[in-house]
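> Below is the file my_file.pdb, with PDB, C-alpha atoms.
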```pdb
ATOM      1  CA  MET A  17      13.434 -11.255 -12.831
ATOM      2  CA  LYS A  18      14.574 -11.196 -16.450
ATOM      3  CA  GLU A  19      13.425  -8.498 -18.825
ATOM      4  CA  GLY A  20      10.289  -9.460 -20.683
ATOM      5  CA  GLN A  21       9.208 -11.913 -17.995
ATOM      6  CA  LYS A  22       5.705 -11.376 -16.738
ATOM      7  CA  LYS A  23       5.104 -11.083 -13.037
ATOM      8  CA  LYS A  24       1.936 -11.670 -11.129
ATOM      9  CA  THR A  25       1.728 -10.550  -7.530
ATOM     10  CA  ARG A  26      -0.782 -11.215  -4.830
ATOM     11  CA  SER A  27      -0.718  -7.527  -3.905
ATOM     12  CA  SER A  28      -2.209  -6.645  -7.293
ATOM     13  CA  TYR A  29      -5.381  -8.466  -6.319
ATOM     14  CA  GLU A  30      -8.174  -7.157  -4.168
ATOM     15  CA  PRO A  31      -7.443  -7.831  -0.470
ATOM     16  CA  ARG A  32      -9.591 -10.604   0.929
ATOM     17  CA  VAL A  33     -10.696 -12.118   4.189
ATOM     18  CA  PHE A  34     -10.807 -15.868   3.708
ATOM     19  CA  ASP A  35     -13.517 -18.341   4.737
ATOM     20  CA  ASP A  36     -12.257 -21.766   5.792
ATOM     21  CA  GLU A  37     -15.183 -24.002   6.705
ATOM     22  CA  ASN A  38     -17.156 -21.015   8.025
ATOM     23  CA  ALA A  39     -14.311 -19.799  10.280
ATOM     24  CA  TRP A  40     -13.264 -16.324   9.160
ATOM     25  CA  TYR A  41      -9.624 -15.467   9.510
ATOM     26  CA  PHE A  42      -7.085 -12.902   8.418
ATOM     27  CA  ASN A  43      -3.344 -13.088   8.945
ATOM     28  CA  GLY A  44      -3.680 -16.574  10.384
ATOM     29  CA  SER A  45      -5.955 -15.658  13.278
ATOM     30  CA  ILE A  46      -9.613 -16.444  13.824
ATOM     31  CA  PRO A  47     -11.734 -13.660  15.363
ATOM     32  CA  GLN A  48     -13.274 -14.611  18.697
ATOM     33  CA  ASN A  49     -16.854 -14.665  17.462
ATOM     34  CA  GLY A  50     -15.946 -15.939  13.986
ATOM     35  CA  SER A  51     -17.834 -13.110  12.250
ATOM     36  CA  LEU A  52     -16.884 -11.404   9.020
ATOM     37  CA  GLN A  53     -17.290  -8.038  10.750
ATOM     38  CA  ALA A  54     -14.670  -8.974  13.352
ATOM     39  CA  ALA A  55     -12.317 -10.187  10.620
ATOM     40  CA  ARG A  56     -12.812  -6.962   8.647
ATOM     41  CA  ARG A  57     -11.803  -4.914  11.702
ATOM     42  CA  GLN A  58      -8.493  -6.773  11.711
ATOM     43  CA  THR A  59      -7.814  -5.578   8.155
ATOM     44  CA  ASP A  60      -7.864  -1.932   9.302
ATOM     45  CA  TRP A  61      -4.148  -2.086   9.980
ATOM     46  CA  VAL A  62      -3.131  -3.110   6.440
ATOM     47  CA  GLY A  63      -2.254  -0.551   3.756
ATOM     48  CA  PHE A  64      -1.944  -1.129   0.011
ATOM     49  CA  ILE A  65      -0.056   0.692  -2.732
ATOM     50  CA  PHE A  66      -1.210  -0.604  -6.090
ATOM     51  CA  GLN A  67       0.880  -0.449  -9.255
ATOM     52  CA  ASN A  68      -2.049   0.983 -11.217
ATOM     53  CA  PHE A  69      -2.991   3.528  -8.494
ATOM     54  CA  ASN A  70      -6.688   2.503  -8.152
ATOM     55  CA  LEU A  71      -7.736   6.117  -7.658
ATOM     56  CA  ILE A  72     -11.412   6.946  -8.161
ATOM     57  CA  GLY A  73     -11.669   9.348 -11.095
ATOM     58  CA  GLU A  74     -14.714  11.268  -9.855
ATOM     59  CA  MET A  75     -13.163  11.986  -6.465
ATOM     60  CA  SER A  76     -10.600  14.656  -5.614
ATOM     61  CA  VAL A  77      -7.116  13.785  -4.415
ATOM     62  CA  PHE A  78      -8.224  14.605  -0.858
ATOM     63  CA  GLU A  79     -11.304  12.368  -1.128
ATOM     64  CA  ASN A  80      -9.275   9.476  -2.591
ATOM     65  CA  VAL A  81      -6.867   9.580   0.349
ATOM     66  CA  GLU A  82      -9.712   9.986   2.830
ATOM     67  CA  LEU A  83     -11.912   7.133   1.581
ATOM     68  CA  PRO A  84     -10.228   4.200   3.404
ATOM     69  CA  LEU A  85     -10.387   6.236   6.626
ATOM     70  CA  VAL A  86     -14.136   6.787   6.153
ATOM     71  CA  TYR A  87     -14.612   3.012   6.001
ATOM     72  CA  ARG A  88     -12.731   2.727   9.277
ATOM     73  CA  ASP A  89     -15.206   5.107  10.967
ATOM     74  CA  ILE A  90     -12.488   7.589  11.924
ATOM     75  CA  PRO A  91     -14.096  10.887  13.026
ATOM     76  CA  SER A  92     -14.149  13.604  10.355
ATOM     77  CA  ALA A  93     -11.786  16.080  12.044
ATOM     78  CA  GLU A  94      -9.206  13.363  12.721
ATOM     79  CA  ARG A  95      -9.548  12.055   9.134
ATOM     80  CA  LYS A  96      -8.920  15.491   7.674
ATOM     81  CA  THR A  97      -5.757  15.884   9.748
ATOM     82  CA  MET A  98      -4.529  12.408   8.742
ATOM     83  CA  VAL A  99      -5.177  13.122   5.047
ATOM     84  CA  ARG A 100      -3.407  16.480   5.098
ATOM     85  CA  GLU A 101      -0.382  15.000   6.884
ATOM     86  CA  ALA A 102      -0.164  12.145   4.361
ATOM     87  CA  LEU A 103      -0.458  14.516   1.377
ATOM     88  CA  GLU A 104       2.239  16.763   2.853
ATOM     89  CA  ARG A 105       4.565  13.771   3.277
ATOM     90  CA  VAL A 106       4.383  13.038  -0.467
ATOM     91  CA  GLU A 107       4.362  16.739  -1.421
ATOM     92  CA  MET A 108       0.876  16.598  -2.956
ATOM     93  CA  ASP A 109      -1.017  18.823  -0.508
ATOM     94  CA  HIS A 110      -1.150  21.617  -3.101
ATOM     95  CA  ARG A 111      -3.170  19.299  -5.394
ATOM     96  CA  GLU A 112      -5.770  18.142  -2.871
ATOM     97  CA  ASN A 113      -8.720  19.516  -4.892
ATOM     98  CA  HIS A 114      -7.590  18.088  -8.244
ATOM     99  CA  LEU A 115      -9.077  15.015  -9.888
ATOM    100  CA  PRO A 116      -6.763  12.114 -10.761
ATOM    101  CA  SER A 117      -7.152  12.911 -14.487
ATOM    102  CA  GLN A 118      -5.557  16.306 -13.815
ATOM    103  CA  LEU A 119      -2.381  14.688 -12.454
ATOM    104  CA  SER A 120       0.626  13.077 -14.084
ATOM    105  CA  GLY A 121       1.254   9.369 -13.557
ATOM    106  CA  GLY A 122       3.936  10.152 -10.987
ATOM    107  CA  GLN A 123       1.596  12.457  -9.079
ATOM    108  CA  GLN A 124      -1.123   9.804  -9.103
ATOM    109  CA  GLN A 125       1.374   7.308  -7.670
ATOM    110  CA  ARG A 126       2.268   9.738  -4.883
ATOM    111  CA  VAL A 127      -1.442  10.122  -4.066
ATOM    112  CA  ALA A 128      -1.717   6.317  -3.912
ATOM    113  CA  VAL A 129       1.230   6.285  -1.489
ATOM    114  CA  ALA A 130      -0.435   8.998   0.618
ATOM    115  CA  ARG A 131      -3.656   6.960   0.725
ATOM    116  CA  ALA A 132      -1.724   3.967   2.075
ATOM    117  CA  LEU A 133       0.249   6.028   4.600
ATOM    118  CA  ALA A 134      -2.722   8.016   5.918
ATOM    119  CA  GLY A 135      -4.069   5.073   7.914
ATOM    120  CA  LYS A 136      -0.714   4.482   9.630
ATOM    121  CA  PRO A 137      -0.661   0.803   8.663
ATOM    122  CA  ARG A 138       1.171  -1.848  10.647
ATOM    123  CA  VAL A 139       1.562  -3.822   7.418
ATOM    124  CA  LEU A 140       2.045  -2.155   4.037
ATOM    125  CA  LEU A 141       1.920  -4.134   0.790
ATOM    126  CA  ALA A 142       3.405  -2.149  -2.090
ATOM    127  CA  ASP A 143       3.305  -3.316  -5.719
ATOM    128  CA  GLU A 144       5.897  -1.338  -7.726
ATOM    129  CA  PRO A 145       5.481   1.773  -5.530
ATOM    130  CA  THR A 146       8.101   3.715  -7.506
ATOM    131  CA  GLY A 147       7.408   2.294 -10.965
ATOM    132  CA  ASN A 148       5.804   5.501 -12.286
ATOM    133  CA  LEU A 149       8.088   7.962 -10.528
ATOM    134  CA  ASP A 150      11.205   9.811 -11.587
ATOM    135  CA  SER A 151      14.352   8.984  -9.606
ATOM    136  CA  LYS A 152      13.974  11.922  -7.172
ATOM    137  CA  ASN A 153      10.396  11.070  -6.238
ATOM    138  CA  GLY A 154      11.203   7.342  -6.240
ATOM    139  CA  GLU A 155      13.930   7.914  -3.683
ATOM    140  CA  ALA A 156      11.559  10.054  -1.600
ATOM    141  CA  VAL A 157       8.916   7.313  -1.585
ATOM    142  CA  MET A 158      11.489   4.684  -0.648
ATOM    143  CA  ALA A 159      12.681   6.948   2.180
ATOM    144  CA  LEU A 160       9.064   7.171   3.439
ATOM    145  CA  LEU A 161       8.672   3.395   3.287
ATOM    146  CA  THR A 162      11.993   2.938   5.094
ATOM    147  CA  GLU A 163      10.888   5.422   7.763
ATOM    148  CA  LEU A 164       7.579   3.593   8.155
ATOM    149  CA  ASN A 165       9.503   0.343   8.633
ATOM    150  CA  GLN A 166      11.817   1.942  11.200
ATOM    151  CA  GLN A 167       8.723   3.074  13.111
ATOM    152  CA  GLY A 168       7.629  -0.552  13.433
ATOM    153  CA  SER A 169       5.518  -1.277  10.345
ATOM    154  CA  THR A 170       6.163  -4.290   8.159
ATOM    155  CA  VAL A 171       6.658  -3.188   4.551
ATOM    156  CA  CYS A 172       6.488  -5.709   1.716
ATOM    157  CA  ILE A 173       7.601  -4.290  -1.633
ATOM    158  CA  VAL A 174       7.146  -6.074  -4.943
ATOM    159  CA  THR A 175       9.524  -4.584  -7.500
ATOM    160  CA  HIS A 176      11.809  -5.274 -10.425
ATOM    161  CA  ASN A 177      14.189  -2.508  -9.298
ATOM    162  CA  GLU A 178      17.309  -4.302  -8.079
ATOM    163  CA  GLU A 179      18.717  -1.044  -6.637
ATOM    164  CA  TYR A 180      16.305  -1.323  -3.715
ATOM    165  CA  ASN A 181      17.800  -4.649  -2.620
ATOM    166  CA  ALA A 182      20.538  -2.784  -0.759
ATOM    167  CA  ILE A 183      18.136  -0.765   1.412
ATOM    168  CA  VAL A 184      15.713  -3.472   2.515
ATOM    169  CA  LYS A 185      16.252  -5.958   5.316
ATOM    170  CA  ARG A 186      15.228  -9.042   3.362
ATOM    171  CA  VAL A 187      14.968  -9.888  -0.332
ATOM    172  CA  VAL A 188      12.870 -12.809  -1.566
ATOM    173  CA  TYR A 189      13.107 -13.887  -5.204
ATOM    174  CA  LEU A 190      10.064 -15.534  -6.758
ATOM    175  CA  PHE A 191       9.679 -17.471  -9.980
ATOM    176  CA  ASP A 192       6.317 -18.864 -11.064
ATOM    177  CA  GLY A 193       4.926 -18.154  -7.603
ATOM    178  CA  ARG A 194       7.640 -20.050  -5.741
ATOM    179  CA  ILE A 195      10.524 -18.784  -3.642
ATOM    180  CA  VAL A 196      13.744 -19.550  -5.512
ATOM    181  CA  ASP A 197      16.190 -17.534  -3.410
ATOM    182  CA  GLU A 198      16.339 -15.132  -0.507
ATOM    183  CA  LYS A 199      18.894 -13.059   1.299
ATOM    184  CA  THR A 200      19.036 -11.012   4.470
ATOM    185  CA  ASN A 201      20.709  -7.612   4.714
ATOM    186  CA  ARG A 202      21.824  -6.314   8.113
TER     187      ARG A 202
END
```
Could you spell out this file's structure in structure tokens?

Amino acid sequence: MKEGQKKKTRSSYEPRVFDDENAWYFNGSIPQNGSLQAARRQTDWVGFIFQNFNLIGEMSVFENVELPLVYRDIPSAERKTMVREALERVEMDHRENHLPSQLSGGQQQRVAVARALAGKPRVLLADEPTGNLDSKNGEAVMALLTELNQQGSTVCIVTHNEEYNAIVKRVVYLFDGRIVDEKTNR
């Protein structure tokens, strides 16, 4: 994408479960009983990293990472372990009691990454996951995303950073919402 060009990505929007003539579906499948509740359960395996963090200002770092797990009805003790492991992976465990306003932009981005990783997603949608990070932390986040992919998760990264093209398996170029080119690595 050329400098100055605006981009608009689907991952920057709120995730949705779609209604097509009263048949609820997500990821192309229709739940057996057609209920919204069944469709919502299918979304439990998707993680999101948003470009603008979407952290809740009144909640601590720990609580921000924990929140999606609460919605999934994961037992408290298990949630706490999952949150601590995710914060350790992004080296933010020492800030677990801080509010987002007490963190730098790069630290907030790492918390957003931890929130996405905590749920061990099978699909991870990441909108500029390294955009607010210095090169060292950017490389660390990309290493985590690569590791997640090697463990079997699908990782979709939206970025302007051409350097990452060499480390991903597939690159898709979009212009005005349409695929204009793609290439496969490996």
> What is the distance, in Å and to one decimal place, between CA of Lys152 (chain A) and CA of Gln123 (chain A)?
12.5 Å
> To verify the selection step, state as a ChimeraX atom specification which residues the PyMOL selection byres ((chain A and resi 156-169) around 7) yields on this input.
/A:137-139,146,152-155,170-171
> Given only C-alpha atoms as the basis, pick out the residue of A:Asn148, A:Ser117, A:Thr200, A:Asn181 nearest to Leu71 (chain A).
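Checking each candidate against Leu71 (chain A), we get A:Ser117 as the closest.
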> To one decimal place, how far is CA of Leu140 (chain A) from CA of Glu94 (chain A) in Å?
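One can read the CA of Leu140 (chain A) to CA of Glu94 (chain A) distance as 21.0 Å.
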> CA of Tyr87 (chain A) to CA of Trp61 (chain A): how many Å, to one decimal?
12.3 Å
> Between A:Leu149, A:Leu83, A:Leu119, A:Ala134, which residue has the minimum interatomic distance to Thr97 (chain A), considering only C-alpha atoms?
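Nearest to Thr97 (chain A): A:Ala134.
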> Would you mind telling me which residue in A:Val184, A:Val81, A:Ile173, A:Val86 lies nearest to Asp109 (chain A) when using all atoms listed in the file?
A:Val81
> I need the residue nearest Arg131 (chain A) from this list: A:Glu198, A:Asp89, A:Glu179, A:Glu101. Use only C-alpha atoms for the distance.
A:Glu101
> Evaluate the PyMOL selection byres ((chain A and resi 76) around 7) on the structure here and hand back the selected residues as a PyMOL selection string.
chain A and resi 74-75+77-80+112-116
> Would you output that residue set with C-alpha atoms, as a PDB file, in the frame of the given file?

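What ended up in result28.pdb:
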```
ATOM      1  CA  GLU A  74     -14.714  11.268  -9.855  1.00  0.00           C
ATOM      2  CA  MET A  75     -13.163  11.986  -6.465  1.00  0.00           C
ATOM      3  CA  VAL A  77      -7.116  13.785  -4.415  1.00  0.00           C
ATOM      4  CA  PHE A  78      -8.224  14.605  -0.858  1.00  0.00           C
ATOM      5  CA  GLU A  79     -11.304  12.368  -1.128  1.00  0.00           C
ATOM      6  CA  ASN A  80      -9.275   9.476  -2.591  1.00  0.00           C
ATOM      7  CA  GLU A 112      -5.770  18.142  -2.871  1.00  0.00           C
ATOM      8  CA  ASN A 113      -8.720  19.516  -4.892  1.00  0.00           C
ATOM      9  CA  HIS A 114      -7.590  18.088  -8.244  1.00  0.00           C
ATOM     10  CA  LEU A 115      -9.077  15.015  -9.888  1.00  0.00           C
ATOM     11  CA  PRO A 116      -6.763  12.114 -10.761  1.00  0.00           C
TER      12      PRO A 116
END
```
> Within 7 Å of (9.3, -2.3, -6.2) in the file's own coordinates, which protein, DNA or RNA residues have an atom, counting all atoms listed in the file? List them as a ChimeraX atom specification.
/A:143-147,173-177
> Translate the PyMOL selection byres ((chain A and resi 199) around 8) into a concrete residue list for this structure, as a PyMOL selection string.
chain A and resi 186-188+197-198+200-201
> Is there a way to complete region 60-71 of chain A with N, CA, C and O atoms and then write that out as a CSV table (one decimal), in the coordinates of the input?

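Result file is part-v1.csv:
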```
chain,number,residue,atom,x,y,z
A,60,ASP,N,-8.0,-3.4,9.2
A,60,ASP,CA,-7.9,-1.9,9.3
A,60,ASP,C,-6.4,-1.5,9.4
A,60,ASP,O,-6.0,-0.4,9.1
A,61,TRP,N,-5.5,-2.4,9.8
A,61,TRP,CA,-4.1,-2.1,10.0
A,61,TRP,C,-3.3,-2.4,8.8
A,61,TRP,O,-2.1,-2.4,8.9
A,62,VAL,N,-3.9,-2.8,7.6
A,62,VAL,CA,-3.1,-3.1,6.4
A,62,VAL,C,-3.3,-2.0,5.4
A,62,VAL,O,-4.4,-1.5,5.2
A,63,GLY,N,-2.2,-1.6,4.8
A,63,GLY,CA,-2.3,-0.6,3.8
A,63,GLY,C,-1.8,-1.1,2.4
A,63,GLY,O,-1.0,-2.1,2.4
A,64,PHE,N,-2.3,-0.6,1.3
A,64,PHE,CA,-1.9,-1.1,0.0
A,64,PHE,C,-1.5,0.0,-0.9
A,64,PHE,O,-2.2,1.1,-0.9
A,65,ILE,N,-0.4,-0.2,-1.6
A,65,ILE,CA,-0.1,0.7,-2.7
A,65,ILE,C,-0.1,-0.2,-4.0
A,65,ILE,O,0.6,-1.1,-4.1
A,66,PHE,N,-1.0,0.2,-4.9
A,66,PHE,CA,-1.2,-0.6,-6.1
A,66,PHE,C,-0.4,0.0,-7.2
A,66,PHE,O,-0.3,1.2,-7.4
A,67,GLN,N,0.1,-0.9,-8.1
A,67,GLN,CA,0.9,-0.4,-9.3
A,67,GLN,C,0.1,0.5,-10.2
A,67,GLN,O,0.6,1.4,-10.7
A,68,ASN,N,-1.2,0.2,-10.3
A,68,ASN,CA,-2.0,1.0,-11.2
A,68,ASN,C,-2.9,2.0,-10.5
A,68,ASN,O,-3.9,2.5,-11.0
A,69,PHE,N,-2.5,2.4,-9.3
A,69,PHE,CA,-3.0,3.5,-8.5
A,69,PHE,C,-4.3,3.2,-7.8
A,69,PHE,O,-4.5,3.5,-6.7
A,70,ASN,N,-5.3,2.7,-8.6
A,70,ASN,CA,-6.7,2.5,-8.2
A,70,ASN,C,-7.3,3.7,-7.5
A,70,ASN,O,-8.0,3.6,-6.5
A,71,LEU,N,-7.1,4.9,-8.1
A,71,LEU,CA,-7.7,6.1,-7.7
A,71,LEU,C,-9.1,6.2,-8.3
A,71,LEU,O,-9.3,5.8,-9.5
```
